[in-house]
Each structure stands twice: as C-alpha cells, then as structure tokens.
file input_25.cif (mmCIF, C-alpha atoms and all ligand atoms)
data_data
loop_
_atom_site.label_atom_id
_atom_site.label_comp_id
_atom_site.auth_asym_id
_atom_site.auth_seq_id
_atom_site.Cartn_x
_atom_site.Cartn_y
_atom_site.Cartn_z
CA MET A 1372 105.30 139.29 107.94
CA LYS A 1373 103.67 136.06 106.72
CA ARG A 1374 100.06 136.70 105.79
CA TYR A 1375 97.09 134.41 106.40
CA ALA A 1376 93.36 135.05 106.52
CA VAL A 1377 89.91 133.55 106.88
CA PHE A 1378 87.35 134.29 104.15
CA GLY A 1379 83.65 134.16 104.96
CA HIS A 1380 80.39 136.05 104.61
CA PRO A 1381 79.70 136.98 107.34
CA VAL A 1382 83.04 136.45 109.02
CA ALA A 1383 82.96 138.83 112.00
CA HIS A 1384 82.09 135.95 114.36
CA SER A 1385 85.03 133.79 113.26
CA ARG A 1386 87.30 132.54 116.03
CA SER A 1387 90.02 131.49 113.60
CA PRO A 1388 92.20 134.63 114.06
CA ARG A 1389 92.27 134.09 117.83
CA ILE A 1390 93.06 130.39 117.43
CA HIS A 1391 95.85 130.93 114.89
CA ALA A 1392 97.36 133.79 116.90
CA ALA A 1393 97.52 131.47 119.91
CA PHE A 1394 99.11 128.67 117.89
CA ALA A 1395 101.62 131.11 116.38
CA ALA A 1396 102.61 132.45 119.80
CA GLN A 1397 103.06 128.93 121.09
CA CYS A 1398 105.31 127.99 118.15
CA ALA A 1399 107.15 131.35 118.06
CA ILE A 1400 106.06 132.04 114.46
CA GLU A 1401 105.43 135.63 113.43
CA LEU A 1402 102.36 135.94 111.27
CA GLU A 1403 99.36 138.10 110.54
CA TYR A 1404 95.95 136.40 110.33
CA THR A 1405 93.00 138.59 109.36
CA LYS A 1406 89.30 138.23 108.58
CA ILE A 1407 88.21 139.03 105.04
CA ASP A 1408 84.49 139.44 104.42
CA ALA A 1409 83.75 138.76 100.75
CA SER A 1410 80.30 138.31 99.22
CA PRO A 1411 79.92 135.28 96.92
CA ASP A 1412 80.32 137.56 93.88
CA ALA A 1413 83.51 139.07 95.24
CA PHE A 1414 85.07 135.90 96.66
CA ALA A 1415 87.22 134.79 93.70
CA GLY A 1416 88.57 138.31 93.19
CA ALA A 1417 89.30 138.73 96.89
CA VAL A 1418 91.25 135.45 97.06
CA ALA A 1419 93.22 136.37 93.93
CA ALA A 1420 94.08 139.79 95.37
CA PHE A 1421 95.14 138.19 98.64
CA GLY A 1422 97.48 135.87 96.74
CA ARG A 1423 98.97 138.75 94.74
CA ALA A 1424 99.55 140.66 97.98
CA GLY A 1425 101.65 137.80 99.33
CA GLY A 1426 99.01 135.78 101.16
CA LEU A 1427 100.42 132.34 101.94
CA GLY A 1428 97.34 130.56 103.15
CA ALA A 1429 93.71 130.97 104.13
CA ASN A 1430 90.82 129.29 105.79
CA VAL A 1431 87.49 129.37 104.05
CA THR A 1432 84.19 129.27 105.86
CA LEU A 1433 80.53 129.58 104.88
CA PRO A 1434 79.35 130.12 102.25
CA HIS A 1435 82.55 129.77 100.21
CA LYS A 1436 83.77 126.20 100.76
CA LEU A 1437 82.50 124.96 97.39
CA ALA A 1438 83.64 128.04 95.49
CA ALA A 1439 87.10 127.70 97.03
CA ALA A 1440 87.52 124.25 95.50
CA ALA A 1441 86.93 125.76 92.06
CA LEU A 1442 89.80 128.24 92.57
CA CYS A 1443 92.38 125.57 93.28
CA GLU A 1444 94.91 124.21 90.85
CA GLN A 1445 95.01 121.02 92.95
CA VAL A 1446 92.81 119.66 95.73
CA SER A 1447 93.65 116.88 98.20
CA ASP A 1448 91.78 113.62 98.00
CA ARG A 1449 89.97 114.37 101.26
CA ALA A 1450 88.85 117.75 99.90
CA ARG A 1451 87.61 116.12 96.73
CA ARG A 1452 85.55 113.58 98.67
CA ALA A 1453 84.26 116.27 101.02
CA GLY A 1454 83.34 118.37 97.97
CA ALA A 1455 84.65 121.42 99.76
CA VAL A 1456 87.85 123.26 100.63
CA ASN A 1457 88.38 124.90 104.03
CA THR A 1458 92.14 125.41 103.71
CA LEU A 1459 94.03 127.17 100.92
CA VAL A 1460 97.79 126.74 100.64
CA ARG A 1461 99.88 128.95 98.33
CA ALA A 1462 102.32 126.98 96.19
CA SER A 1463 104.09 128.08 92.99
CA ASN A 1464 101.80 131.09 92.54
CA ALA A 1465 98.66 128.94 92.71
CA TRP A 1466 96.28 127.70 95.40
CA HIS A 1467 96.18 124.14 96.61
CA GLY A 1468 93.00 123.13 98.45
CA ASP A 1469 92.56 120.86 101.45
CA ASN A 1470 89.75 120.02 103.85
CA THR A 1471 90.66 119.59 107.51
CA ASP A 1472 87.14 119.49 108.99
CA GLY A 1473 86.71 115.72 108.96
CA VAL A 1474 90.13 114.91 110.33
CA GLY A 1475 89.57 117.63 112.95
CA LEU A 1476 86.39 115.93 114.15
CA VAL A 1477 88.00 112.50 114.24
CA ARG A 1478 90.98 113.82 116.18
CA ASP A 1479 88.75 115.59 118.69
CA LEU A 1480 86.66 112.46 119.28
CA GLN A 1481 89.65 110.13 119.54
CA ALA A 1482 92.33 112.22 121.21
CA ARG A 1483 90.32 114.62 123.38
CA HIS A 1484 87.29 112.50 124.21
CA GLY A 1485 89.01 109.13 124.14
CA LEU A 1486 86.44 107.52 121.86
CA ASP A 1487 87.32 104.41 119.94
CA LEU A 1488 85.51 104.97 116.63
CA HIS A 1489 86.33 101.58 115.23
CA GLY A 1490 83.19 99.60 114.41
CA ARG A 1491 80.83 102.24 115.84
CA ARG A 1492 77.43 102.06 114.20
CA THR A 1493 77.05 105.67 113.07
CA LEU A 1494 74.12 107.92 112.21
CA ILE A 1495 74.69 111.27 110.55
CA ILE A 1496 71.62 113.51 110.55
CA GLY A 1497 71.82 116.00 107.67
CA ALA A 1498 73.32 115.75 104.20
CA GLY A 1499 74.60 119.26 103.47
CA GLY A 1500 78.13 120.56 103.34
CA ALA A 1501 78.86 119.93 107.01
CA ALA A 1502 77.79 116.28 106.77
CA ARG A 1503 79.77 115.70 103.61
CA GLY A 1504 82.83 117.35 105.13
CA VAL A 1505 83.02 114.89 108.02
CA ALA A 1506 81.63 111.64 106.57
CA PRO A 1507 84.74 110.57 104.59
CA ALA A 1508 87.04 111.00 107.58
CA LEU A 1509 84.68 108.98 109.79
CA LEU A 1510 84.67 106.15 107.25
CA ASP A 1511 88.46 106.32 107.05
CA ALA A 1512 88.58 106.10 110.87
CA GLY A 1513 86.89 102.71 110.66
CA ILE A 1514 83.35 103.39 111.88
CA GLY A 1515 80.89 100.54 111.50
CA ALA A 1516 77.67 100.67 109.50
CA LEU A 1517 76.84 104.21 108.37
CA VAL A 1518 73.34 105.65 107.96
CA VAL A 1519 72.80 109.17 106.64
CA ALA A 1520 69.31 110.47 107.44
CA ASN A 1521 68.11 113.68 105.88
CA ARG A 1522 64.91 115.69 105.58
CA THR A 1523 65.35 115.32 101.82
CA PRO A 1524 66.25 111.60 101.48
CA ALA A 1525 67.59 111.96 97.91
CA SER A 1526 70.34 114.29 99.17
CA ALA A 1527 71.48 111.61 101.62
CA ARG A 1528 71.87 109.15 98.72
CA THR A 1529 73.74 111.77 96.69
CA LEU A 1530 76.11 112.33 99.60
CA LEU A 1531 76.91 108.62 99.93
CA ASP A 1532 77.62 108.36 96.20
CA ALA A 1533 79.81 111.47 96.24
CA ILE A 1534 82.06 110.26 99.06
CA ASP A 1535 82.54 106.75 97.61
CA ALA A 1536 80.79 105.21 100.64
CA PRO A 1537 80.74 101.40 100.91
CA ALA A 1538 77.68 99.63 99.56
CA SER A 1539 76.56 98.84 103.11
CA ALA A 1540 75.97 102.55 103.87
CA ARG A 1541 72.29 103.52 103.88
CA ALA A 1542 70.41 106.71 103.10
CA CYS A 1543 66.97 107.47 104.50
CA GLY A 1544 64.52 110.17 105.51
CA LEU A 1545 64.00 111.50 109.04
CA ASP A 1546 60.68 109.65 109.23
CA SER A 1547 62.62 106.35 109.26
CA LEU A 1548 64.54 107.22 112.43
CA PRO A 1549 62.18 105.41 114.86
CA MET A 1550 62.73 102.16 112.92
CA LEU A 1551 66.54 102.17 112.89
CA GLY A 1552 67.37 101.01 116.42
CA ALA A 1553 70.30 102.38 118.39
CA PHE A 1554 73.60 103.84 117.16
CA ASP A 1555 76.96 104.10 118.92
CA LEU A 1556 77.65 107.50 117.36
CA VAL A 1557 74.97 110.04 116.40
CA ILE A 1558 76.08 113.25 114.68
CA ASN A 1559 73.86 116.26 114.18
CA ALA A 1560 75.08 117.87 110.96
CA THR A 1561 71.94 119.80 110.11
CA ALA A 1562 72.51 123.51 109.67
CA ALA A 1563 69.58 125.85 110.11
CA ALA A 1564 67.89 123.09 112.02
CA ARG A 1565 70.46 122.75 114.77
CA GLY A 1566 68.49 122.63 117.92
CA ASP A 1567 64.88 123.61 118.00
CA GLY A 1568 64.18 123.41 114.29
CA LEU A 1569 64.93 119.69 114.11
CA VAL A 1570 62.10 117.16 114.20
CA ALA A 1571 61.64 115.36 117.51
CA LEU A 1572 64.21 112.57 117.58
CA PRO A 1573 63.32 109.19 119.12
CA ALA A 1574 65.21 108.19 122.27
CA SER A 1575 65.65 104.75 120.69
CA LEU A 1576 68.53 106.17 118.60
CA VAL A 1577 70.93 106.08 121.55
CA HIS A 1578 72.02 103.82 124.41
CA THR A 1579 74.27 104.45 127.40
CA GLY A 1580 77.38 103.69 125.35
CA SER A 1581 76.44 106.14 122.59
CA ALA A 1582 78.28 109.35 121.84
CA ALA A 1583 76.16 112.21 120.51
CA VAL A 1584 77.99 114.95 118.61
CA ASP A 1585 76.74 118.31 117.38
CA LEU A 1586 79.01 119.96 114.83
CA GLY A 1587 77.97 123.36 116.16
CA TYR A 1588 78.82 124.85 119.53
CA GLY A 1589 77.37 127.27 122.04
CA ALA A 1590 73.64 127.91 121.77
CA ALA A 1591 73.48 126.21 118.36
CA ALA A 1592 74.40 122.85 119.87
CA ALA A 1593 72.38 123.06 123.09
CA ALA A 1594 69.03 121.57 122.04
CA PHE A 1595 70.48 118.50 120.33
CA LEU A 1596 72.91 117.77 123.16
CA ASP A 1597 70.13 118.25 125.75
CA TRP A 1598 68.03 115.77 123.79
CA ALA A 1599 70.96 113.31 123.73
CA ARG A 1600 71.49 113.55 127.49
CA ASP A 1601 67.77 113.12 128.20
CA ALA A 1602 67.62 110.18 125.78
CA GLY A 1603 70.44 108.46 127.67
CA ALA A 1604 73.52 108.89 125.44
CA GLY A 1605 76.56 108.47 127.70
CA VAL A 1606 78.72 111.08 125.96
CA GLN A 1607 77.79 114.48 124.52
CA VAL A 1608 80.28 116.44 122.44
CA ASP A 1609 79.91 119.84 120.78
CA GLY A 1610 81.87 121.18 117.83
CA LEU A 1611 84.33 123.41 119.70
CA GLY A 1612 87.03 120.74 119.82
CA MET A 1613 86.59 120.04 116.12
CA LEU A 1614 87.01 123.77 115.46
CA VAL A 1615 90.36 123.80 117.26
CA GLU A 1616 91.56 120.55 115.70
CA GLN A 1617 90.71 121.53 112.12
CA ALA A 1618 92.59 124.77 112.73
CA ALA A 1619 95.61 122.83 114.02
CA GLU A 1620 95.55 120.69 110.90
CA SER A 1621 95.50 123.82 108.70
CA PHE A 1622 98.33 125.28 110.78
CA MET A 1623 100.29 122.09 110.19
CA ARG A 1624 99.75 122.41 106.41
CA TRP A 1625 101.07 125.97 106.44
CA HIS A 1626 103.90 125.80 108.97
CA GLY A 1627 104.86 122.14 109.21
CA ILE A 1628 104.40 122.16 112.99
CA ARG A 1629 101.55 120.62 114.98
CA PRO A 1630 100.57 123.02 117.79
CA ASN A 1631 99.36 121.84 121.19
CA THR A 1632 95.60 122.29 120.96
CA ASP A 1633 94.74 121.72 124.63
CA PRO A 1634 95.52 125.23 125.95
CA VAL A 1635 93.75 126.82 122.98
CA TYR A 1636 90.70 124.62 123.50
CA ALA A 1637 90.69 125.64 127.18
CA MET A 1638 90.95 129.31 126.16
CA LEU A 1639 87.90 129.03 123.88
CA ARG A 1640 85.89 127.22 126.56
CA ALA A 1641 86.78 130.01 128.99
CA ASP A 1642 85.63 132.60 126.40
CA ASP A 1643 82.27 130.83 126.36
CA GLY A 1644 82.02 131.31 130.11
P1 LIG B 1 75.80 123.03 105.81
O1 LIG B 1 76.81 123.39 104.76
O2 LIG B 1 76.01 123.76 107.11
O3 LIG B 1 75.65 121.57 106.00
P2 LIG B 1 73.54 123.07 104.03
O4 LIG B 1 74.42 122.55 102.95
O5 LIG B 1 72.58 124.15 103.73
O6 LIG B 1 74.40 123.60 105.26
O7 LIG B 1 72.76 121.80 104.64
C1 LIG B 1 71.83 121.97 105.63
C2 LIG B 1 71.39 120.62 106.16
O8 LIG B 1 70.49 120.82 107.25
C3 LIG B 1 70.66 119.77 105.14
O9 LIG B 1 70.87 118.41 105.41
C4 LIG B 1 69.22 120.18 105.40
O10 LIG B 1 68.25 119.24 104.97
P3 LIG B 1 67.71 119.32 103.43
O11 LIG B 1 68.76 118.69 102.58
O12 LIG B 1 66.43 118.55 103.47
O13 LIG B 1 67.51 120.78 103.15
C5 LIG B 1 69.24 120.23 106.91
N1 LIG B 1 68.15 121.05 107.43
C6 LIG B 1 68.01 122.38 107.36
N2 LIG B 1 66.87 122.78 108.00
C7 LIG B 1 66.29 121.64 108.48
C8 LIG B 1 65.11 121.36 109.27
N3 LIG B 1 64.29 122.35 109.69
N4 LIG B 1 64.85 120.07 109.61
C9 LIG B 1 65.67 119.07 109.21
N5 LIG B 1 66.81 119.27 108.48
C10 LIG B 1 67.12 120.54 108.13
#
call {"tool": "encode", "arguments": {"input": "input_25.cif", "output": "structure tokens", "more": "lines below"}}
Ligand code: ATR
result
Amino acid sequence: MKRYAVFGHPVAHSRSPRIHAAFAAQCAIELEYTKIDASPDAFAGAVAAFGRAGGLGANVTLPHKLAAAALCEQVSDRARRAGAVNTLVRASNAWHGDNTDGVGLVRDLQARHGLDLHGRRTLIIGAGGAARGVAPALLDAGIGALVVANRTPASARTLLDAIDAPASARACGLDSLPMLGAFDLVINATAAARGDGLVALPASLVHTGSAAVDLGYGAAAAAFLDWARDAGAGVQVDGLGMLVEQAAESFMRWHGIRPNTDPVYAMLRADDG
C-alpha cells in the first residue's frame, strides 16, 4: 500500500486524510493517508522515519512548514518564495519540497468563484507564514498593485523583499488602512487575529466589486467575512476551497492525476452543516 501522511502539531483536526481518501477513491488509487502528530523537536526524526518506512509523500501543516523546507534536498521555486513547504515528495531516497497553498487559493478564486484576478488592486492583511504562502501566487496570477498591511509594519516589508515583489508593492501598518482607499481584493491572512482579535477595519477598503477572502474557514473566518459583507464587498470567500485545491495540487504532485475537487468541496461544506 502506498503511504502518505500529514504532519502537524496538533494535527487531530486536519481534514487532509478525508480529502485525500476521497480523491483516491475517485481516481481508483489505493493508498493509506494518516495523521502524524510530531512536536517541533521530534519533527525531523518523524519525517525521516516515515521515509525509511516507505512513505512516498506528506503534507505539512502548522507549525512545521518552515522546518520542512530545511529537510528537503530540493525545493520548488514557489516553495522558496513562500519560504515554506506544505508538500513533501519522495524522490531518490530524499525529500523534495513544494508549496501548493498559493496556487490552491488562486485556483479556488478563479475556477470556483469565477474571479478575474488580473489587475485587481490587492490588500493582504498580515505578514506571517499564511500571507507569504499566498502572495507569490497572487502576483504570478497578475494582480494589480499590492499592499501588505501588518500590525508590525517591518514584517510586511520583509515579506515583500522575500518574495521578490515588484517595486510598486507597498508595506504599511494597520493604522494606515483608512488612508488607502478601496481594493478589489482584500485577503485576511492574520492568524491568531482572525475574526474578533483584528482591529476594526474601515469600510472604505471595499466597494461592491470587491472580493474579500479569509484564509481560514468555519468560525475562524466568520468575523472578517461578516465585516466584509456589512462594508459592502460584493463577494465573500472563506478558505475551504483553498484547502481542497491545495490538496488537489499535492495529489497531482504525488499521483500525476488531477482529481475533480467539486464533489470533495461539497462534502466538506456538508460536514460543516
Ligand atoms: P501564520 O503562519 O498563520 O501566518 P504567523 O506567522 O504567526 O501565523 O503570523 C501571524 C500574523 O497574524 C502576523 O501577520 C501577525 O502580525 P505581527 O507580525 O504583527 O505579529 C498577525 N496577527 C496576529 N495577531 C494579531 C492581532 N491581534 N492583530 C493584528 N494582527 C495580528
């Protein structure tokens, strides 16, 4: 049996086994996909043991995405720019690293929600791992002017430098938000602050043609998306579609087949009730 896994800490909540089992059934591939909880200290050893035991690929979730990059003999260009690896692929007794988060978001927005990203003036709120994971793919998709706003403005600048952003991209603090005018795409990529913890955002950030996206889903995304609706953004999107699409991209790396994500997305929505 081909072996795959998701590493995290905690990992009990992960939906990846359910998603990959559904993809595998759809594509008639026999595989085992398990959850492996490894503390940061134990992560490198656990991945090595998984490889020795025949593991062919893994997803990596918080807090290991940076550490995973360090274990790889090679990383893809998109993983290098994202500064993080969410997909490990076994090749010649070594791990190759990739990052499918950004392309997963872009695919969800374009294919599922029918958004044309080209030229969209884009605001990313937050400058941590989640923001860095998606920013390169958004730039590659042709978004317009990019602003990264963060509680700690220096981290926003660091992010732009790390992803080779164009010189027109701007970094700022959250206190500048009322002065920035409206954006066509506003992405909440703050972590602990998703929802209630975030500072009050000005309604001037959105217009009726804006899409507001929270990279989280369920309760974690509710407050930001409620704000976006009340502020008048025409489209609100949570991170569930991105979750399915990044998984499909990982599946493609491992099995060379692109699964149909629509029924799996519908299954996860139904789980949420
Ligand atoms: P992740 O990998 O999920 O992005 P992270 O790397 O810890 O997590 O980054 C968390 C992000 O949420 C950061 O942009 C952080 O801002 P700082 O760089 O100033 O820490 C942001 N964040 C966390 N709590 C916040 C809060 N209460 N208000 C605003 N931003 C917050």
call {"tool": "residues_around", "arguments": {"input": "input_25.cif", "residues": "Ala1383 (chain A)", "least_positions_apart": "3", "cutoff": "12 Å", "atoms": "all atoms listed in the file", "output": "PyMOL selection string"}}
result
chain A and resi 1377-1380+1386-1389+1405-1409+1432-1433
call {"tool": "write_last_selection", "arguments": {"input": "input_25.cif", "atoms": "C-alpha atoms", "output": "short mmCIF file (atom, residue, chain, number, x, y, z; two decimals), in the coordinates of the input"}}
result
data_model
loop_
_atom_site.label_atom_id
_atom_site.label_comp_id
_atom_site.auth_asym_id
_atom_site.auth_seq_id
_atom_site.Cartn_x
_atom_site.Cartn_y
_atom_site.Cartn_z
CA VAL A 1377 89.91 133.55 106.88
CA PHE A 1378 87.35 134.29 104.15
CA GLY A 1379 83.65 134.16 104.96
CA HIS A 1380 80.39 136.05 104.61
CA ARG A 1386 87.30 132.54 116.03
CA SER A 1387 90.02 131.49 113.60
CA PRO A 1388 92.20 134.63 114.06
CA ARG A 1389 92.27 134.09 117.83
CA THR A 1405 93.00 138.59 109.36
CA LYS A 1406 89.30 138.23 108.58
CA ILE A 1407 88.21 139.03 105.04
CA ASP A 1408 84.49 139.44 104.42
CA ALA A 1409 83.75 138.76 100.75
CA THR A 1432 84.19 129.27 105.86
CA LEU A 1433 80.53 129.58 104.88
#
call {"tool": "residues_around", "arguments": {"input": "input_25.cif", "residues": "Ser1581 (chain A)", "least_positions_apart": "6", "cutoff": "8 Å", "atoms": "all atoms listed in the file", "output": "list in words"}}
result
Phe1554, Asp1555, Leu1556, Val1557, Ala1604, Gly1605 and Val1606 of chain A
call {"tool": "closest_residue", "arguments": {"input": "input_25.cif", "among": "A:Glu1444, A:Asp1643, A:Asp1472, A:Asp1412", "to": "ligand LIG 1 (chain B)", "atoms": "only C-alpha atoms and all ligand atoms"}}
result
A:Asp1472
call {"tool": "residues_near_ligand", "arguments": {"input": "input_25.cif", "ligand": "ligand LIG 1 (chain B)", "cutoff": "12 Å", "atoms": "only C-alpha atoms and all ligand atoms", "output": "count of residues only"}}
result
60
call {"tool": "closest_residue", "arguments": {"input": "input_25.cif", "among": "A:Leu1611, A:Leu1488, A:Ala1399, A:Leu1427", "to": "Ala1462 (chain A)", "atoms": "only C-alpha atoms"}}
result
A:Leu1427
call {"tool": "atom_distance", "arguments": {"input": "input_25.cif", "atom1": "CA of Pro1507 (chain A)", "atom2": "CA of Pro1630 (chain A)"}}
result
24.1 Å
call {"tool": "atom_distance", "arguments": {"input": "input_25.cif", "atom1": "CA of Ala1599 (chain A)", "atom2": "CA of Val1477 (chain A)"}}
result
19.5 Å
call {"tool": "atom_distance", "arguments": {"input": "input_25.cif", "atom1": "CA of Gly1426 (chain A)", "atom2": "CA of Phe1622 (chain A)"}}
result
14.3 Å
call {"tool": "residues_near_point", "arguments": {"input": "input_25.cif", "point": "(85.0, 106.2, 101.8)", "cutoff": "7 Å", "atoms": "all atoms listed in the file", "output": "PyMOL selection string"}}
result
chain A and resi 1507+1510-1511+1534-1537
call {"tool": "residues_around", "arguments": {"input": "input_25.cif", "residues": "Leu1551 (chain A)", "least_positions_apart": "3", "cutoff": "9 Å", "atoms": "all atoms listed in the file", "output": "ChimeraX atom specification"}}
result
/A:1547-1548,1554,1575-1576
call {"tool": "residues_around", "arguments": {"input": "input_25.cif", "residues": "Ala1465 (chain A)", "least_positions_apart": "2", "cutoff": "9 Å", "atoms": "only C-alpha atoms", "output": "ChimeraX atom specification"}}
result
/A:1422,1442-1445,1460-1463,1467
call {"tool": "closest_residue", "arguments": {"input": "input_25.cif", "among": "A:Ala1424, A:Ala1508, A:Ala1582, A:Leu1402", "to": "Arg1600 (chain A)", "atoms": "all atoms listed in the file"}}
result
A:Ala1582
call {"tool": "decode", "arguments": {"input": "input_25.cif", "residues": "region 1546-1630 of chain A", "atoms": "C-alpha atoms", "output": "compact mmCIF listing (two decimals), in the first residue's frame"}}
result
# COMPACT_ATOMS: atom_id res chain seq x y z
CA ASP A 1546 -3.09 52.31 11.19
CA SER A 1547 -2.65 53.34 7.52
CA LEU A 1548 -5.69 51.36 6.35
CA PRO A 1549 -8.16 54.29 6.47
CA MET A 1550 -5.92 56.25 4.08
CA LEU A 1551 -5.52 53.59 1.37
CA GLY A 1552 -8.84 53.83 -0.47
CA ALA A 1553 -10.62 50.79 -1.86
CA PHE A 1554 -9.21 47.46 -3.05
CA ASP A 1555 -10.65 44.93 -5.49
CA LEU A 1556 -9.33 42.02 -3.43
CA VAL A 1557 -8.85 42.06 0.35
CA ILE A 1558 -7.31 38.99 1.99
CA ASN A 1559 -7.28 38.37 5.72
CA ALA A 1560 -4.11 36.39 6.37
CA THR A 1561 -3.74 37.18 10.05
CA ALA A 1562 -3.55 34.13 12.25
CA ALA A 1563 -4.47 34.48 15.91
CA ALA A 1564 -6.30 37.62 14.96
CA ARG A 1565 -8.74 36.06 12.54
CA GLY A 1566 -12.05 37.50 13.45
CA ASP A 1567 -12.56 39.30 16.69
CA GLY A 1568 -8.93 39.95 17.53
CA LEU A 1569 -8.36 42.11 14.46
CA VAL A 1570 -8.51 45.90 14.72
CA ALA A 1571 -11.69 47.49 13.38
CA LEU A 1572 -11.27 47.71 9.61
CA PRO A 1573 -12.60 50.74 7.71
CA ALA A 1574 -15.46 50.13 5.27
CA SER A 1575 -13.55 52.31 2.79
CA LEU A 1576 -11.33 49.30 1.99
CA VAL A 1577 -14.01 47.68 -0.17
CA HIS A 1578 -16.55 48.53 -2.87
CA THR A 1579 -19.36 46.49 -4.42
CA GLY A 1580 -16.96 44.89 -6.90
CA SER A 1581 -14.51 43.80 -4.18
CA ALA A 1582 -13.87 40.21 -3.18
CA ALA A 1583 -12.99 39.64 0.47
CA VAL A 1584 -11.16 36.42 1.30
CA ASP A 1585 -10.35 34.88 4.67
CA LEU A 1586 -7.74 32.13 4.51
CA GLY A 1587 -9.45 30.40 7.43
CA TYR A 1588 -12.83 28.71 7.42
CA GLY A 1589 -15.67 27.97 9.80
CA ALA A 1590 -15.82 30.09 12.94
CA ALA A 1591 -12.30 31.45 12.32
CA ALA A 1592 -13.42 33.22 9.15
CA ALA A 1593 -16.83 34.45 10.31
CA ALA A 1594 -15.99 37.85 11.81
CA PHE A 1595 -13.90 39.07 8.88
CA LEU A 1596 -16.41 37.88 6.29
CA ASP A 1597 -19.28 39.46 8.26
CA TRP A 1598 -17.33 42.71 8.30
CA ALA A 1599 -16.78 42.44 4.52
CA ARG A 1600 -20.48 41.88 3.82
CA ASP A 1601 -21.51 44.77 6.09
CA ALA A 1602 -18.87 47.01 4.48
CA GLY A 1603 -20.33 46.27 1.04
CA ALA A 1604 -17.86 43.83 -0.57
CA GLY A 1605 -19.77 42.01 -3.32
CA VAL A 1606 -18.05 38.64 -2.83
CA GLN A 1607 -17.00 36.86 0.36
CA VAL A 1608 -14.86 33.72 0.21
CA ASP A 1609 -13.55 31.55 3.03
CA GLY A 1610 -10.54 29.24 2.93
CA LEU A 1611 -12.35 25.92 2.48
CA GLY A 1612 -11.97 25.96 -1.30
CA MET A 1613 -8.29 26.79 -0.99
CA LEU A 1614 -7.91 23.83 1.36
CA VAL A 1615 -9.37 21.46 -1.24
CA GLU A 1616 -7.44 22.98 -4.13
CA GLN A 1617 -4.05 22.88 -2.39
CA ALA A 1618 -4.75 19.24 -1.57
CA ALA A 1619 -5.57 18.53 -5.23
CA GLU A 1620 -2.31 20.13 -6.26
CA SER A 1621 -0.39 17.93 -3.78
CA PHE A 1622 -2.30 14.90 -5.06
CA MET A 1623 -1.26 15.84 -8.59
CA ARG A 1624 2.41 16.01 -7.49
CA TRP A 1625 2.21 12.53 -5.98
CA HIS A 1626 -0.01 10.67 -8.44
CA GLY A 1627 0.15 12.63 -11.67
CA ILE A 1628 -3.65 12.91 -11.83
CA ARG A 1629 -5.76 15.98 -11.11
CA PRO A 1630 -8.85 14.92 -9.11
